[in-house]
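protein_9.cif (mmCIF, C-alpha atoms)
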```
data_model
#
loop_
_atom_site.label_atom_id
_atom_site.label_comp_id
_atom_site.auth_asym_id
_atom_site.auth_seq_id
_atom_site.Cartn_x
_atom_site.Cartn_y
_atom_site.Cartn_z
CA MET A 1 11.32 1.24 -21.79
CA LYS A 2 11.32 1.89 -18.04
CA LEU A 3 11.39 5.39 -16.60
CA ILE A 4 10.46 6.95 -13.26
CA PHE A 5 7.29 8.98 -13.62
CA THR A 6 6.07 11.41 -11.00
CA LEU A 7 2.67 13.01 -10.58
CA LEU A 8 2.79 16.34 -8.79
CA LEU A 9 0.03 17.98 -6.80
CA CYS A 10 0.16 21.30 -5.06
CA THR A 11 -2.51 21.95 -2.47
CA THR A 12 -2.87 24.59 0.23
CA LEU A 13 -1.74 23.18 3.55
CA LEU A 14 0.31 24.17 6.52
CA GLY A 15 3.82 23.26 7.55
CA LEU A 16 6.00 23.49 10.60
CA ALA A 17 8.95 25.85 10.26
CA GLY A 18 11.33 25.24 13.18
CA ARG A 19 9.51 26.12 16.37
CA PRO A 20 5.98 27.16 15.38
CA ALA A 21 5.11 30.83 15.44
CA GLY A 22 3.60 31.75 18.77
CA ALA A 23 5.12 28.73 20.54
CA ILE A 24 5.30 29.04 24.30
CA ASP A 25 8.24 28.11 26.51
CA ILE A 26 7.06 26.52 29.72
CA LYS A 27 9.01 26.47 32.99
CA ALA A 28 10.59 23.06 32.53
CA ARG A 29 14.14 21.93 31.83
CA SER A 30 12.90 19.67 29.06
CA TYR A 31 9.60 18.77 27.44
CA ILE A 32 7.90 17.39 24.34
CA LEU A 33 4.34 17.71 23.01
CA MET A 34 3.30 15.10 20.45
CA ASP A 35 0.17 14.31 18.45
CA PHE A 36 -0.92 10.77 19.31
CA GLN A 37 -2.37 9.79 15.91
CA THR A 38 0.40 11.03 13.64
CA GLY A 39 3.40 11.10 15.99
CA THR A 40 4.14 14.68 14.93
CA VAL A 41 6.11 16.66 17.52
CA LEU A 42 4.32 19.97 17.99
CA ASP A 43 6.98 21.52 20.19
CA ALA A 44 9.96 20.37 22.20
CA LYS A 45 12.85 21.55 24.36
CA ASP A 46 15.81 19.25 24.95
CA ALA A 47 13.57 16.28 24.13
CA ASP A 48 16.56 13.94 23.76
CA ARG A 49 18.23 15.00 26.98
CA ARG A 50 18.83 12.14 29.41
CA MET A 51 17.14 12.92 32.71
CA PRO A 52 16.17 11.21 35.96
CA PRO A 53 12.60 10.13 35.17
CA SER A 54 11.72 9.43 38.81
CA SER A 55 8.28 7.78 39.06
CA MET A 56 7.53 8.34 35.37
CA SER A 57 9.72 5.31 34.68
CA LYS A 58 6.96 3.26 36.36
CA LEU A 59 5.26 3.44 32.96
CA MET A 60 7.69 0.74 31.83
CA THR A 61 6.91 -1.37 34.89
CA ALA A 62 3.23 -1.01 34.03
CA TYR A 63 3.89 -1.85 30.36
CA LEU A 64 5.56 -5.15 31.23
CA THR A 65 2.83 -5.99 33.74
CA PHE A 66 0.09 -5.25 31.19
CA GLU A 67 1.96 -7.40 28.67
CA ALA A 68 2.06 -10.30 31.13
CA LEU A 69 -1.68 -9.90 31.78
CA LYS A 70 -2.48 -9.82 28.08
CA SER A 71 -0.40 -12.94 27.37
CA GLY A 72 -1.97 -14.89 30.24
CA LYS A 73 1.29 -15.15 32.18
CA LEU A 74 -0.40 -13.20 34.95
CA SER A 75 -4.00 -12.54 36.01
CA LEU A 76 -5.60 -9.71 37.96
CA ASP A 77 -6.66 -12.20 40.65
CA ASP A 78 -3.18 -13.64 41.17
CA GLN A 79 -1.68 -12.87 44.58
CA LEU A 80 1.97 -11.91 45.03
CA THR A 81 3.98 -11.91 48.25
CA VAL A 82 5.41 -8.69 49.67
CA SER A 83 9.08 -9.46 50.27
CA ARG A 84 11.19 -7.95 53.06
CA SER A 85 13.19 -6.16 50.34
CA ALA A 86 10.07 -4.59 48.78
CA TRP A 87 8.97 -3.37 52.22
CA GLN A 88 12.39 -1.99 53.17
CA ILE A 89 13.01 -0.17 49.86
CA GLY A 90 9.49 0.99 49.09
CA GLY A 91 7.38 0.58 52.21
CA ALA A 92 5.95 2.80 54.92
CA ALA A 93 9.31 3.28 56.69
CA THR A 94 10.76 5.09 53.67
CA ASP A 95 10.44 8.71 52.57
CA GLY A 96 9.17 7.73 49.10
CA SER A 97 5.75 7.06 47.65
CA THR A 98 4.27 3.91 49.08
CA MET A 99 1.17 1.73 48.99
CA PHE A 100 1.70 0.89 52.69
CA LEU A 101 2.00 -2.84 52.05
CA ASP A 102 2.63 -5.14 55.00
CA PRO A 103 5.73 -7.37 54.76
CA ASN A 104 5.01 -11.04 54.01
CA SER A 105 1.40 -10.26 53.08
CA ARG A 106 -0.13 -11.47 49.84
CA VAL A 107 -1.70 -8.87 47.53
CA LYS A 108 -3.84 -9.20 44.41
CA VAL A 109 -2.22 -8.02 41.17
CA GLU A 110 -5.22 -5.77 40.54
CA ASP A 111 -4.57 -3.95 43.83
CA LEU A 112 -0.85 -3.73 43.10
CA LEU A 113 -1.59 -2.09 39.76
CA ARG A 114 -3.75 0.56 41.38
CA GLY A 115 -1.14 1.00 44.10
CA MET A 116 1.54 1.62 41.47
CA ILE A 117 -0.52 3.76 39.07
CA ILE A 118 -2.71 5.82 41.42
CA GLN A 119 -0.65 5.87 44.63
CA SER A 120 2.76 5.65 42.88
CA GLY A 121 3.76 2.99 45.41
CA ASN A 122 7.39 1.96 45.18
CA ASP A 123 6.60 -1.15 47.21
CA ALA A 124 3.91 -2.18 44.69
CA CYS A 125 6.41 -1.83 41.81
CA ILE A 126 8.99 -4.02 43.51
CA VAL A 127 6.43 -6.72 44.34
CA LEU A 128 5.31 -6.80 40.70
CA ALA A 129 8.92 -6.88 39.48
CA GLU A 130 9.84 -9.75 41.78
CA GLY A 131 6.67 -11.62 40.90
CA LEU A 132 7.30 -11.37 37.17
CA ALA A 133 11.08 -11.82 36.99
CA GLY A 134 12.20 -13.27 40.33
CA SER A 135 14.16 -10.18 41.36
CA GLU A 136 14.12 -6.46 40.69
CA GLN A 137 17.53 -6.72 39.00
CA ALA A 138 16.26 -9.37 36.59
CA PHE A 139 13.17 -7.26 35.93
CA ALA A 140 15.36 -4.24 35.09
CA LYS A 141 17.03 -6.35 32.40
CA GLU A 142 13.60 -7.08 30.95
CA MET A 143 12.80 -3.35 31.07
CA ASN A 144 15.92 -2.59 29.06
CA ALA A 145 15.17 -5.33 26.53
CA LYS A 146 11.67 -3.95 26.03
CA ALA A 147 13.05 -0.41 25.73
CA LYS A 148 15.30 -1.57 22.89
CA GLU A 149 12.38 -3.35 21.21
CA LEU A 150 10.25 -0.19 21.38
CA GLY A 151 13.02 2.02 20.02
CA LEU A 152 13.71 3.90 23.24
CA THR A 153 17.28 4.87 22.43
CA GLY A 154 17.86 7.23 25.36
CA SER A 155 16.74 5.06 28.25
CA ASN A 156 18.36 2.75 30.77
CA PHE A 157 16.70 1.11 33.76
CA VAL A 158 18.26 -0.28 36.93
CA ASN A 159 15.11 -0.53 39.05
CA SER A 160 11.33 -0.78 38.73
CA THR A 161 10.51 2.36 40.71
CA GLY A 162 12.53 5.27 39.36
CA LEU A 163 14.32 5.77 42.67
CA PRO A 164 17.49 7.84 42.09
CA ASP A 165 20.44 6.14 40.44
CA ASP A 166 22.93 7.77 38.04
CA ALA A 167 22.57 4.82 35.65
CA HIS A 168 18.76 5.08 35.59
CA TYR A 169 17.58 7.59 32.99
CA MET A 170 15.11 8.33 30.20
CA THR A 171 14.47 11.14 27.72
CA PRO A 172 11.22 13.07 27.21
CA ARG A 173 10.97 11.62 23.69
CA ASP A 174 11.32 8.06 24.98
CA LEU A 175 8.63 8.65 27.58
CA ALA A 176 6.28 10.00 24.92
CA ILE A 177 6.89 6.95 22.71
CA LEU A 178 6.37 4.62 25.67
CA ALA A 179 3.13 6.38 26.62
CA LYS A 180 1.83 6.11 23.06
CA ASN A 181 2.57 2.39 22.93
CA LEU A 182 1.00 1.80 26.33
CA ILE A 183 -2.23 3.57 25.32
CA THR A 184 -2.35 1.82 21.93
CA GLU A 185 -1.60 -1.70 23.07
CA PHE A 186 -3.44 -1.91 26.40
CA PRO A 187 -6.71 0.07 26.23
CA GLU A 188 -8.32 -2.40 28.62
CA TYR A 189 -5.89 -1.41 31.38
CA TYR A 190 -5.19 2.20 30.46
CA ALA A 191 -8.42 3.32 32.16
CA LEU A 192 -6.68 2.77 35.51
CA TYR A 193 -4.70 5.95 34.89
CA SER A 194 -7.84 8.09 35.02
CA GLU A 195 -8.92 6.88 38.48
CA THR A 196 -8.48 9.69 41.00
CA SER A 197 -8.13 7.73 44.27
CA PHE A 198 -7.50 4.27 45.71
CA THR A 199 -7.86 2.88 49.23
CA TYR A 200 -5.67 0.08 50.57
CA ASN A 201 -5.04 -0.93 54.18
CA LYS A 202 -7.71 1.65 55.10
CA ILE A 203 -5.48 4.40 53.69
CA THR A 204 -6.88 6.47 50.82
CA GLN A 205 -4.49 8.26 48.48
CA GLY A 206 -5.31 10.50 45.53
CA ASN A 207 -3.88 10.37 42.03
CA ARG A 208 -1.07 12.95 41.79
CA ASN A 209 -1.80 13.84 38.14
CA PRO A 210 -3.04 17.46 38.43
CA LEU A 211 -4.65 17.52 34.99
CA LEU A 212 -7.22 14.90 36.01
CA TYR A 213 -8.84 17.50 38.25
CA ARG A 214 -8.94 20.34 35.72
CA VAL A 215 -12.41 20.80 34.22
CA GLY A 216 -12.31 20.51 30.44
CA SER A 217 -8.67 19.37 30.27
CA GLY A 218 -9.60 16.07 28.64
CA ALA A 219 -6.78 14.38 30.59
CA ASP A 220 -7.03 10.65 31.28
CA GLY A 221 -3.46 9.71 32.36
CA LEU A 222 -0.56 9.02 32.84
CA LYS A 223 2.11 9.55 35.57
CA THR A 224 3.79 12.18 37.71
CA GLY A 225 7.32 12.07 39.04
CA HIS A 226 9.44 13.93 41.55
CA THR A 227 12.85 13.71 43.18
CA SER A 228 15.08 16.49 44.44
CA ALA A 229 17.48 15.93 41.55
CA ALA A 230 14.83 15.63 38.81
CA GLY A 231 12.40 18.29 39.97
CA TYR A 232 8.72 17.88 39.24
CA GLY A 233 7.71 15.99 36.11
CA LEU A 234 4.61 14.76 34.32
CA THR A 235 3.84 12.41 31.46
CA ALA A 236 0.25 13.20 30.46
CA SER A 237 -2.29 12.48 27.75
CA ALA A 238 -5.56 14.22 26.94
CA THR A 239 -8.26 14.09 24.28
CA ARG A 240 -10.39 16.94 22.95
CA GLY A 241 -12.59 16.93 19.90
CA GLY A 242 -11.43 13.47 18.89
CA ARG A 243 -7.71 14.39 19.01
CA ARG A 244 -5.27 13.04 21.56
CA LEU A 245 -2.02 14.71 22.58
CA ILE A 246 0.84 13.34 24.68
CA LEU A 247 2.95 15.65 26.83
CA VAL A 248 6.13 14.93 28.76
CA SER A 249 7.77 17.60 30.90
CA ASN A 250 10.39 17.45 33.62
CA GLY A 251 12.52 19.69 35.81
CA MET A 252 9.84 22.04 37.12
CA ASP A 253 10.33 23.78 40.45
CA SER A 254 7.00 23.17 42.15
CA ILE A 255 3.74 21.24 42.14
CA ARG A 256 2.03 24.47 41.09
CA ASP A 257 4.32 24.87 38.08
CA ARG A 258 3.69 21.26 37.10
CA ASP A 259 -0.04 21.91 37.13
CA GLU A 260 -0.16 25.32 35.45
CA GLU A 261 2.67 24.98 32.91
CA THR A 262 1.64 21.57 31.56
CA SER A 263 -1.98 22.71 31.29
CA LYS A 264 -0.85 25.79 29.38
CA LEU A 265 1.16 23.72 26.91
CA LEU A 266 -1.69 21.27 26.30
CA ASP A 267 -4.14 24.15 25.71
CA TRP A 268 -1.73 25.63 23.17
CA GLY A 269 -1.30 22.33 21.34
CA PHE A 270 -5.03 21.75 20.96
CA ARG A 271 -5.66 25.35 19.96
CA GLU A 272 -2.86 25.87 17.44
CA PHE A 273 -2.86 22.55 15.55
CA THR A 274 -5.29 20.33 13.70
CA ASN A 275 -5.17 16.98 11.91
CA ARG A 276 -5.78 16.84 8.16
CA GLU A 277 -6.88 13.61 6.49
CA LEU A 278 -5.33 13.25 3.03
CA PHE A 279 -6.30 9.70 2.03
CA LYS A 280 -8.39 6.82 3.37
CA ALA A 281 -7.23 3.21 3.12
CA GLY A 282 -8.67 1.67 -0.07
CA GLU A 283 -9.00 5.00 -1.86
CA VAL A 284 -7.91 5.20 -5.52
CA VAL A 285 -5.21 7.87 -5.69
CA THR A 286 -4.75 7.85 -9.49
CA ASP A 287 -4.39 5.51 -12.49
CA ALA A 288 -1.16 4.19 -13.99
CA GLU A 289 -0.66 3.30 -17.65
CA VAL A 290 -0.11 -0.39 -18.45
CA TRP A 291 2.17 -1.76 -21.19
CA LEU A 292 1.00 -4.77 -23.21
CA GLY A 293 -2.03 -5.30 -20.99
CA ASP A 294 -5.64 -6.16 -21.79
CA ALA A 295 -6.55 -2.86 -20.07
CA PRO A 296 -4.81 0.43 -20.86
CA SER A 297 -4.47 1.51 -17.20
CA ILE A 298 -4.80 0.28 -13.64
CA PRO A 299 -6.06 2.06 -10.50
CA LEU A 300 -3.50 2.69 -7.75
CA VAL A 301 -5.02 2.09 -4.31
CA ILE A 302 -3.50 3.41 -1.07
CA THR A 303 -2.90 0.82 1.63
CA ARG A 304 -3.62 2.83 4.79
CA ASP A 305 -5.13 6.05 6.06
CA VAL A 306 -2.86 9.07 5.72
CA THR A 307 -3.36 11.93 8.17
CA ILE A 308 -0.96 14.77 8.93
CA THR A 309 -0.83 17.26 11.80
CA VAL A 310 -0.58 20.88 10.70
CA PRO A 311 -0.71 24.25 12.44
CA ARG A 312 -3.73 26.43 11.92
CA GLY A 313 -3.16 29.76 10.18
CA THR A 314 -1.28 30.68 7.04
CA GLY A 315 -1.36 28.30 4.08
CA ARG A 316 1.61 26.67 2.39
CA VAL A 317 2.32 24.23 -0.42
CA LEU A 318 2.42 20.47 -0.01
CA ASP A 319 3.68 18.15 -2.78
CA VAL A 320 1.97 14.80 -3.20
CA LYS A 321 3.91 12.56 -5.58
CA VAL A 322 2.91 9.21 -7.03
CA VAL A 323 6.07 7.36 -8.04
CA TYR A 324 6.45 4.12 -10.02
CA GLN A 325 8.46 2.55 -12.84
CA GLY A 326 6.32 2.67 -15.92
CA PRO A 327 4.56 1.99 -18.08
CA LEU A 328 3.75 -0.99 -15.87
CA PRO A 329 4.27 -4.26 -17.76
CA ALA A 330 1.39 -6.75 -17.82
CA PRO A 331 0.38 -9.12 -16.33
CA ILE A 332 -0.35 -7.45 -12.98
CA ALA A 333 -1.99 -9.24 -10.08
CA LYS A 334 -4.65 -7.49 -8.03
CA ASP A 335 -3.22 -6.09 -4.76
CA ALA A 336 0.35 -6.26 -6.07
CA GLU A 337 2.47 -3.45 -4.64
CA ILE A 338 3.42 -1.46 -7.74
CA ALA A 339 3.88 2.18 -6.69
CA LYS A 340 4.08 4.54 -3.74
CA VAL A 341 2.75 7.94 -2.80
CA VAL A 342 5.28 10.36 -1.33
CA ILE A 343 4.04 13.36 0.67
CA VAL A 344 6.64 16.08 1.06
CA ALA A 345 6.55 19.48 2.73
CA ARG A 346 9.32 21.67 4.06
CA ASP A 347 9.94 21.02 7.77
CA LEU A 348 7.67 17.98 7.77
CA GLN A 349 9.17 14.50 7.60
CA ALA A 350 8.40 12.90 4.23
CA ILE A 351 5.68 10.25 4.33
CA GLU A 352 5.85 7.26 1.97
CA VAL A 353 2.90 4.89 1.64
CA PRO A 354 2.70 1.87 -0.73
CA LEU A 355 0.11 1.79 -3.52
CA ARG A 356 -1.38 -1.51 -4.68
CA ALA A 357 -3.04 -2.59 -7.90
CA GLY A 358 -6.78 -2.02 -7.60
CA ALA A 359 -7.55 -4.65 -10.28
CA ALA A 360 -5.89 -7.48 -12.19
CA VAL A 361 -4.62 -6.84 -15.70
CA GLY A 362 -3.86 -9.70 -18.08
CA ARG A 363 -1.27 -9.73 -20.83
CA LEU A 364 -2.25 -9.09 -24.45
CA GLY A 365 -2.30 -12.06 -26.81
CA PHE A 366 0.20 -12.56 -29.62
CA VAL A 367 -1.69 -10.39 -32.11
CA GLY A 368 -2.18 -7.62 -29.59
CA ARG A 369 1.50 -7.60 -28.74
CA LEU A 370 2.41 -7.38 -32.44
CA LYS A 371 0.09 -4.39 -32.81
CA ALA A 372 1.62 -2.70 -29.77
CA ALA A 373 5.12 -3.33 -31.11
CA ALA A 374 4.16 -1.77 -34.45
CA GLU A 375 2.73 1.30 -32.67
CA TYR A 376 5.93 1.60 -30.71
CA ILE A 377 8.05 1.50 -33.91
CA PHE A 378 5.94 4.00 -35.85
CA LEU A 379 4.50 6.22 -33.08
CA GLY A 380 7.18 6.05 -30.42
CA PRO A 381 7.02 4.88 -26.79
CA PRO A 382 3.87 5.31 -24.72
CA SER A 383 3.34 8.73 -23.24
CA SER A 384 4.40 9.33 -19.66
CA PRO A 385 1.51 8.03 -17.59
CA GLY A 386 -0.42 10.79 -15.97
CA SER A 387 1.70 13.65 -17.31
CA GLY A 388 -0.08 16.89 -16.52
CA LYS A 389 -2.70 15.05 -14.48
CA SER A 390 -3.69 16.15 -10.96
CA VAL A 391 -4.16 13.89 -7.95
CA THR A 392 -7.10 15.35 -6.05
CA VAL A 393 -6.84 15.59 -2.29
CA PRO A 394 -10.27 16.49 -0.87
CA GLU A 395 -10.54 19.53 1.36
CA ALA A 396 -11.08 18.99 5.06
CA GLY A 397 -14.63 17.87 5.69
CA ALA A 398 -15.22 16.66 2.12
CA PRO A 399 -16.40 13.05 1.70
CA ALA A 400 -13.63 10.56 1.03
CA ALA A 401 -13.46 8.64 -2.22
CA LYS A 402 -15.09 5.21 -2.29
CA PRO A 403 -12.69 2.32 -1.73
CA ALA A 404 -11.75 0.24 -4.77
CA ASN A 405 -13.51 -3.09 -5.13
#
```
What is this structure when it is put down as structure tokens?
Amino acid sequence: MKLIFTLLLCTTLLGLAGRPAGAIDIKARSYILMDFQTGTVLDAKDADRRMPPSSMSKLMTAYLTFEALKSGKLSLDDQLTVSRSAWQIGGAATDGSTMFLDPNSRVKVEDLLRGMIIQSGNDACIVLAEGLAGSEQAFAKEMNAKAKELGLTGSNFVNSTGLPDDAHYMTPRDLAILAKNLITEFPEYYALYSETSFTYNKITQGNRNPLLYRVGSGADGLKTGHTSAAGYGLTASATRGGRRLILVSNGMDSIRDRDEETSKLLDWGFREFTNRELFKAGEVVTDAEVWLGDAPSIPLVITRDVTITVPRGTGRVLDVKVVYQGPLPAPIAKDAEIAKVVIVARDLQAIEVPLRAGAAVGRLGFVGRLKAAAEYIFLGPPSSPGSGKSVTVPEAGAPAAKPAN
């Protein structure tokens, strides 16, 4: 007989209810604040609104360049030629951000990266785009393909720089996702975003990210942006106490607002929220009853760490459910995926994580199966596995359970 059995646990936790109590509204047309580890959005305003991303779209140019470096298609010592087009569109004669590259000169990729990331040079972006794809138009197609691959559903690129174009747009949510992927996948290059100045052609320019200069901010990247149409924007990341947050804001009226308002939102996010570890990979969550096996039960082992972001303050109820079709028929191979744990709380997206068999269970022999059949006839079907049994989630700071062998 197969049924769906569910183990319920109620434990005191915290949940998000719409906009969190005490949330602040910064002076920006749109923004999003996200926990890096869990992906939980702590607060947002028009996070899916298409907007001119200005120089923040250079994060995608950097992503593709880092990808080429990691694959070996490109090296930091490679030299790329500064085309007449790169100089005319992004060079010293323009009103935009520039690395002050000389036309027809050859420049190391490592210098171009710093010129793009620290100095926000439009000329550096175009040189990289042409070097990687042959033309900026071809590179924009690669940007769009990568955006689709990363799940950036509200973005479209027509250039490598973020220079104004009605068809060139992103959303705050897409920028946050892109920033998270960039930090995760390219830690060896991400450190460039924390450098505060770079000198090229005897011209020194400072990093425009205001949070890098705030004592105690924990900021280590990423990118500012500004055009008259977009206003002032910032995609930033900071770590404090082992937690990392990602912030994207756009449409602010001044450099001062960009500095003060983004700092205020980051401070609020670190102060008002915390991460709670529920399970560690390899931990036994509970046992499941086995039917016709040479062992009466089998441990259910979680496959990955489970951490949730919750606001500090008042407690609430969280349901942790272990779901499987049971009793589980033998034989069962070790590490077979046989159940799942479902974590549900109001206003938090449900989390489902597979559970695997922590041991192998063989099938009973002929005599054992006869005995089990007789017990079924005279005593009824096996009891619901785990009925009335609690799954213990340790309190914050308690030692995690030992992984199953």
Shell around Ser297 (chain A) at 8 Å using all atoms listed in the file, local window under 4 positions removed, as a list of chain:residue names: A:Asp287, A:Ala288, A:Glu289, A:Val290
Excluding Gly241 (chain A) and any residue of its chain fewer than 5 positions from it, enumerate the residues within 12 Å of it, using all atoms listed in the file, and give them as a ChimeraX atom specification. /A:216-218,270-271,274-275
Given the file shown, enumerate the residues that the PyMOL selection byres ((chain A and resi 96) around 12) captures and present them as a list in words.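 That expression, the PyMOL selection byres ((chain A and resi 96) around 12), corresponds here to Ser54, Ser55, Trp87, Gln88, Ile89, Gly90, Gly91, Ala92, Ala93, Thr94, Asp95, Ser97, Thr98, Met99, Phe100, Gln119, Ser120, Gly121, Asn122, Asp123, Thr161, Gly162, Leu163, Pro164, Gly225, His226, Thr227 and Ser228 of chain A.
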Selection: 9 Å around Ile351 (chain A), all atoms listed in the file, excl. self and same-chain fewer than 4 positions, as a PDB file with C-alpha atoms, in the coordinates of the input:
```pdb
ATOM      1  CA  VAL A 306      -2.860   9.070   5.720  1.00  0.00           C
ATOM      2  CA  VAL A 341       2.750   7.940  -2.800  1.00  0.00           C
ATOM      3  CA  VAL A 342       5.280  10.360  -1.330  1.00  0.00           C
ATOM      4  CA  ILE A 343       4.040  13.360   0.670  1.00  0.00           C
ATOM      5  CA  VAL A 344       6.640  16.080   1.060  1.00  0.00           C
TER       6      VAL A 344
END
```
Using all atoms listed in the file, determine which residues lie at most 6 Å from region 31-40 of chain A, disregarding the query and same-chain residues fewer than 5 positions distant; provide the list as a list in words. Lys45, Ala47, Pro172, Arg244, Leu245, Ile246, Leu247, Val248 and Ser249 of chain A
Write out as a PyMOL selection string each polymer residue whose atoms come within 10 Å of Asp305 (chain A), counting all atoms listed in the file; drop sequence neighbours fewer than 4 positions from it. chain A and resi 277-283+353
Using only C-alpha atoms, pick whichever of A:Leu222, A:Ile298, A:Met60, A:Val82 has the shortest atom-to-atom distance to Glu142 (chain A). A:Met60
Translate the PyMOL selection byres ((chain A and resi 125) around 9) into a concrete residue list for this structure, as a PDB file with C-alpha atoms, in the frame of the given file.
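selection15.pdb written:
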```pdb
ATOM      1  CA  LYS A  58       6.960   3.260  36.360  1.00  0.00           C
ATOM      2  CA  THR A  61       6.910  -1.370  34.890  1.00  0.00           C
ATOM      3  CA  ALA A  62       3.230  -1.010  34.030  1.00  0.00           C
ATOM      4  CA  ALA A  86      10.070  -4.590  48.780  1.00  0.00           C
ATOM      5  CA  GLY A  90       9.490   0.990  49.090  1.00  0.00           C
ATOM      6  CA  LEU A 112      -0.850  -3.730  43.100  1.00  0.00           C
ATOM      7  CA  LEU A 113      -1.590  -2.090  39.760  1.00  0.00           C
ATOM      8  CA  GLY A 115      -1.140   1.000  44.100  1.00  0.00           C
ATOM      9  CA  MET A 116       1.540   1.620  41.470  1.00  0.00           C
ATOM     10  CA  SER A 120       2.760   5.650  42.880  1.00  0.00           C
ATOM     11  CA  GLY A 121       3.760   2.990  45.410  1.00  0.00           C
ATOM     12  CA  ASN A 122       7.390   1.960  45.180  1.00  0.00           C
ATOM     13  CA  ASP A 123       6.600  -1.150  47.210  1.00  0.00           C
ATOM     14  CA  ALA A 124       3.910  -2.180  44.690  1.00  0.00           C
ATOM     15  CA  ILE A 126       8.990  -4.020  43.510  1.00  0.00           C
ATOM     16  CA  VAL A 127       6.430  -6.720  44.340  1.00  0.00           C
ATOM     17  CA  LEU A 128       5.310  -6.800  40.700  1.00  0.00           C
ATOM     18  CA  ALA A 129       8.920  -6.880  39.480  1.00  0.00           C
ATOM     19  CA  GLU A 130       9.840  -9.750  41.780  1.00  0.00           C
ATOM     20  CA  SER A 160      11.330  -0.780  38.730  1.00  0.00           C
ATOM     21  CA  THR A 161      10.510   2.360  40.710  1.00  0.00           C
TER      22      THR A 161
END
```
Between A:Arg84, A:Leu292, A:Arg50, A:Val301, single out the one closest to Ala167 (chain A), counting all atoms listed in the file.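 Nearest to Ala167 (chain A): A:Arg50.
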When the PyMOL selection byres ((chain A and resi 154) around 8) is applied to the file above, which residues end up in the set, as a list of chain:residue names?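 Output of the PyMOL selection byres ((chain A and resi 154) around 8): A:Asp48, A:Arg49, A:Arg50, A:Leu152, A:Thr153, A:Ser155, A:Asn156, A:Tyr169, A:Met170, A:Thr171, A:Asp174.
The interatomic distance for the pair CA of Lys334 (chain A) and CA of Arg304 (chain A) works out to 16.5 Å.
With CA of Asp259 (chain A) on one side and CA of Ile177 (chain A) on the other, the separation reads 21.9 Å.
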Top pick for closest residue to Asp294 (chain A), considering A:Leu234, A:Val109, A:Leu64, A:Ala359 and counting all atoms listed in the file: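 The answer is A:Ala359, which sits nearest to Asp294 (chain A).
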Restricting to only C-alpha atoms, whichever of A:Leu76, A:Ala357, A:Asp102, A:Thr307 is closest to Thr286 (chain A) is A:Ala357
Nearest to Thr309 (chain A), chosen from A:Phe66, A:Phe198, A:Phe157, A:Phe273, with all atoms listed in the file counted in the distances: A:Phe273
Between CA of Leu355 (chain A) and CA of Leu150 (chain A) - distance in Å to one decimal: 27.0 Å
Hey, could you pull the box centre and edge lengths for region 251-263 of chain A, axis-aligned, 5 Å padding per side, all listed atoms, to one decimal in Å, as JSON?
```
{"center_x": 5.3, "center_y": 22.5, "center_z": 36.7, "size_x": 24.5, "size_y": 15.6, "size_z": 20.9}
```
